[in-house]
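Visitor: So that we are looking at the same thing, I have put the structure below in C-alpha cells.
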Amino acid sequence: MTIPRSVEDVPLNSFHKLLTIRSGGGSFVDGYVLSIIGVAMLQMTTGLNLSEFWQGLIAASALIGIFCGGFLGGWLTDRLGRKKVFFVGPTLFILGSLAQYWVESAAALFLLRFLIGMAVGIEYPVATSLLVEFLPKKYRGPRLATLTILWFAGAALAYVAGDFILRVGGEEAWRLVLASPAVIGAILFALRMGTPESPRWLLSKGRAAEAESIIKQVYGNDFSLKNLPEQAEVKKLSVWNLLHSGYGKRMLFVTVFWTCSIIPVFAVYAFAPKVLQALNLKGDWASFGSVAITFLFVVGCIIATRLINTVGRRSMLVHSFLWSGLALLGLGAFHTGSEVLILFLFGAYALFIGGAQVLQLVYPNELFPTEIRAFAVGVGTSLSRIGAAVGTYLVPISLETLGIAQTMVAAAVVTFIGLLVAWALAPETRSLNLQQAASLA
C-alpha cells in the first residue's frame, strides 16, 4: 500500500466524519437558538409584559452577542488552541439556556440571550478552524459547506420542537422553549469529548512532538510531520495589525462578500410572511410560500455543497450573486405579478443564494494561515452579523416607507455589491492544499 505524501490526500475516515458532526453541532445550535426566540416571542411577551422596545432588543440580543463572540472566539482560539475553546460554546449554551427558565425581567433575558449569542460567535472560528485543519483537501469544501445545511436543520427543529412545547406546556411553556437548547448543548458537549488538538496549531506554537503524536493517532503510525504540508512561519500578528498585514485584502473580501450574502437572507428569513403579504400573497399562498422558501434555501445549500469541487469556489460565488440578485430585481420589477411568478422568483433567489451561503465558512478558513485562521473567521462572523442585524431592523421600516418594490431593489443592490467584490477579489482554491491556499505568494 502506497502512503500518501500528505495527510491532505488521504481518504475520508471515521475520525473526519465524527469531527464533522462535532464541529457542525455548533451551526445546528446556532440555527436553533436564533430561531427559537421567534417561536417563544408571543407567549413570552405576555408572560414578561414586554414593551415593543424590549421585544426588538431581545430579538436582536443574540446577534449582538455573536458580534462580540466572533472577535473573542477567534482571538482565544488562536491564542489558547482549538481544543480548549471547543468546549466553551456548549458550556455557555447549557448555562445560558437553563437560566432562561427562571428569568423574571426583560433586562435579565436580554443579558442571557446576549451570552448565548456570544457562545454562537465563539463557535464559528473554533469549530471551522479545527475541522479544516484535519480534513483532506478533496473533502474540505463540501464538509465545511455542510455546516450551513446544519444551520437550517437546527432552525427547522426549533420551529417543530418549539411549537410542540407551546401546545403541551401551558401558559409558562415559553420558559421550556427557551431552555430547550440546553439539551442540544449537553449532547454537543458529550460528543466533543476526546477531540484532539489541531497538529497545525501545535506546530505553530513549536510543540512538534505533540503534533506528531496526534498525526499518528489520527492517520496511523506510517504518518509523521513530514506528511503535514504547512506554510512557513509567518510574523506574529496581533488582533489589531491584521488589516495592515498582507492579508488585509483577503480580510476585506471575506467580510464584504459574507455581509452582502447574509443581509438579504436574514431579512427575508425573518420577515418572509410580511414580505410575501406585501407581494400580495395571502392565505394559503403565504403559508405555502414560507415553507417553500425555507425548503429551497436548504436545497440550494445542498446543491452547492455537491458542486463546490466541480464548479470551483470563485465561479460558484460569482454565479450565486448574479442569479440571486437578478431574482430579487425581478421581484422588484414584477411585484404585482401573479402568485406563481412571485413564488418562482422568490424560490429562484433562495435556490441560487445557496452558493454564497456555503462559501461563508469555506473561504475564510482556506485563505488564512494557521496563526490567524480562527481570528479571520471570527472577524467575518462578527462583521457579517452587523449587516444581518441592520438588514433585519430595516426591513419593516423599508416596507412601510419605501414599499415592497424598492425594498426588493435595495436587496438586489446589496447582492450586486457582493457580485462586484467576488468578481474583483475572489480567488480559486479548490485544487490547493491549505499551505498553498493560505499563501500570499
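Residue names in the C-alpha cells use chain letters A, B, ... in the order shown, residue numbers from 1 in each chain, and ligand numbers from 1 in the order shown.
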List the neighbours of Gly347 in chain A out to 9 Å using only C-alpha atoms; skip same-chain residues closer than 6 positions along the sequence, and give me the result as a PyMOL selection string.
Guide: chain A and resi 289+292-293+296-297+327
Visitor: Write out the residues from the selection above, keeping C-alpha atoms, as a compact mmCIF listing (two decimals), in the first residue's frame.
Guide:
```txt
# COMPACT_ATOMS: atom_id res chain seq x y z
CA GLY A 289 -44.61 30.30 0.23
CA ALA A 292 -41.30 26.55 0.13
CA ILE A 293 -38.71 29.29 0.65
CA LEU A 296 -35.41 25.87 -1.23
CA PHE A 297 -32.80 27.54 0.99
CA ALA A 327 -34.22 37.18 -8.94
```
Visitor: Quick one: residues within 8 Å of Glu366 in chain A, only C-alpha atoms, excluding same-chain residues fewer than 2 positions away - as a list of chain:residue names?
Guide: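 Contacts, with the query itself left out: A:Val132, A:Val362, A:Tyr363, A:Pro364, A:Phe368, A:Pro369, A:Thr429, A:Leu434, A:Ala437, A:Ala438.
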Visitor: Which neighbours of range 371-383 of chain A fall inside 8 Å, counting only C-alpha atoms, when residues of the same chain fewer than 4 positions from it are skipped, and could you give them as a ChimeraX atom specification?
Guide: /A:66-75,77-78,121-122,124-126,128-129,201,204,234,236-237,239,251,254-255,258-259,361,364-365,367,387
Visitor: Using only C-alpha atoms, which protein or nucleic acid residues come within 9 Å of Ser198 in chain A? Drop anything in the same chain fewer than 6 positions from it, and give the result as a VMD selection string.
Guide: chain A and resid 81 to 83 129 to 131 133 to 134 211 214
Visitor: Those selected residues, please, written with N, CA and C atoms and delivered as an mmCIF file, in the first residue's frame.
Guide:
```cif
data_model
loop_
_atom_site.group_PDB
_atom_site.id
_atom_site.type_symbol
_atom_site.label_atom_id
_atom_site.label_comp_id
_atom_site.auth_asym_id
_atom_site.auth_seq_id
_atom_site.Cartn_x
_atom_site.Cartn_y
_atom_site.Cartn_z
ATOM 1 N N GLY A 81 -5.607 27.679 21.662
ATOM 2 C CA GLY A 81 -5.731 26.412 20.967
ATOM 3 C C GLY A 81 -7.169 26.066 20.663
ATOM 4 N N ARG A 82 -7.347 25.170 19.675
ATOM 5 C CA ARG A 82 -8.695 24.794 19.252
ATOM 6 C C ARG A 82 -9.400 23.934 20.305
ATOM 7 N N LYS A 83 -8.696 22.993 20.910
ATOM 8 C CA LYS A 83 -9.308 22.007 21.791
ATOM 9 C C LYS A 83 -9.960 22.650 23.016
ATOM 10 N N SER A 129 -12.134 26.119 12.199
ATOM 11 C CA SER A 129 -10.674 26.015 12.131
ATOM 12 C C SER A 129 -10.219 24.602 12.448
ATOM 13 N N LEU A 130 -10.770 24.020 13.496
ATOM 14 C CA LEU A 130 -10.390 22.662 13.872
ATOM 15 C C LEU A 130 -10.734 21.675 12.760
ATOM 16 N N LEU A 131 -11.906 21.838 12.174
ATOM 17 C CA LEU A 131 -12.331 20.932 11.112
ATOM 18 C C LEU A 131 -11.444 21.048 9.877
ATOM 19 N N GLU A 133 -8.461 22.065 9.523
ATOM 20 C CA GLU A 133 -7.058 21.703 9.726
ATOM 21 C C GLU A 133 -6.837 20.192 9.801
ATOM 22 N N PHE A 134 -7.916 19.422 9.828
ATOM 23 C CA PHE A 134 -7.814 17.967 9.785
ATOM 24 C C PHE A 134 -8.288 17.374 8.460
ATOM 25 N N ALA A 211 2.323 17.457 18.178
ATOM 26 C CA ALA A 211 1.688 17.460 16.858
ATOM 27 C C ALA A 211 1.888 16.113 16.162
ATOM 28 N N ILE A 214 -0.322 13.294 17.599
ATOM 29 C CA ILE A 214 -1.728 13.356 17.168
ATOM 30 C C ILE A 214 -1.863 12.910 15.711
#
```
Visitor: Find the residue from A:Phe86, A:Phe15, A:Trp102, A:Phe346 that sits nearest to Ala119 in chain A; use only C-alpha atoms when measuring.
Guide: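 Of all the options, A:Phe86 lies closest to Ala119 in chain A.
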Visitor: Please list as a list in words every residue within 10 Å of Asp163 in chain A, counting only C-alpha atoms and excluding residues in the same chain fewer than 3 positions away.
Guide: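 Final neighbour list, sorted by chain and number: Ile36, Val39, Ala40, Leu157, Ala158, Tyr159, Val160, Leu166, Arg167, Val168, Gly169, Ala173, Trp174 and Val177 of chain A.
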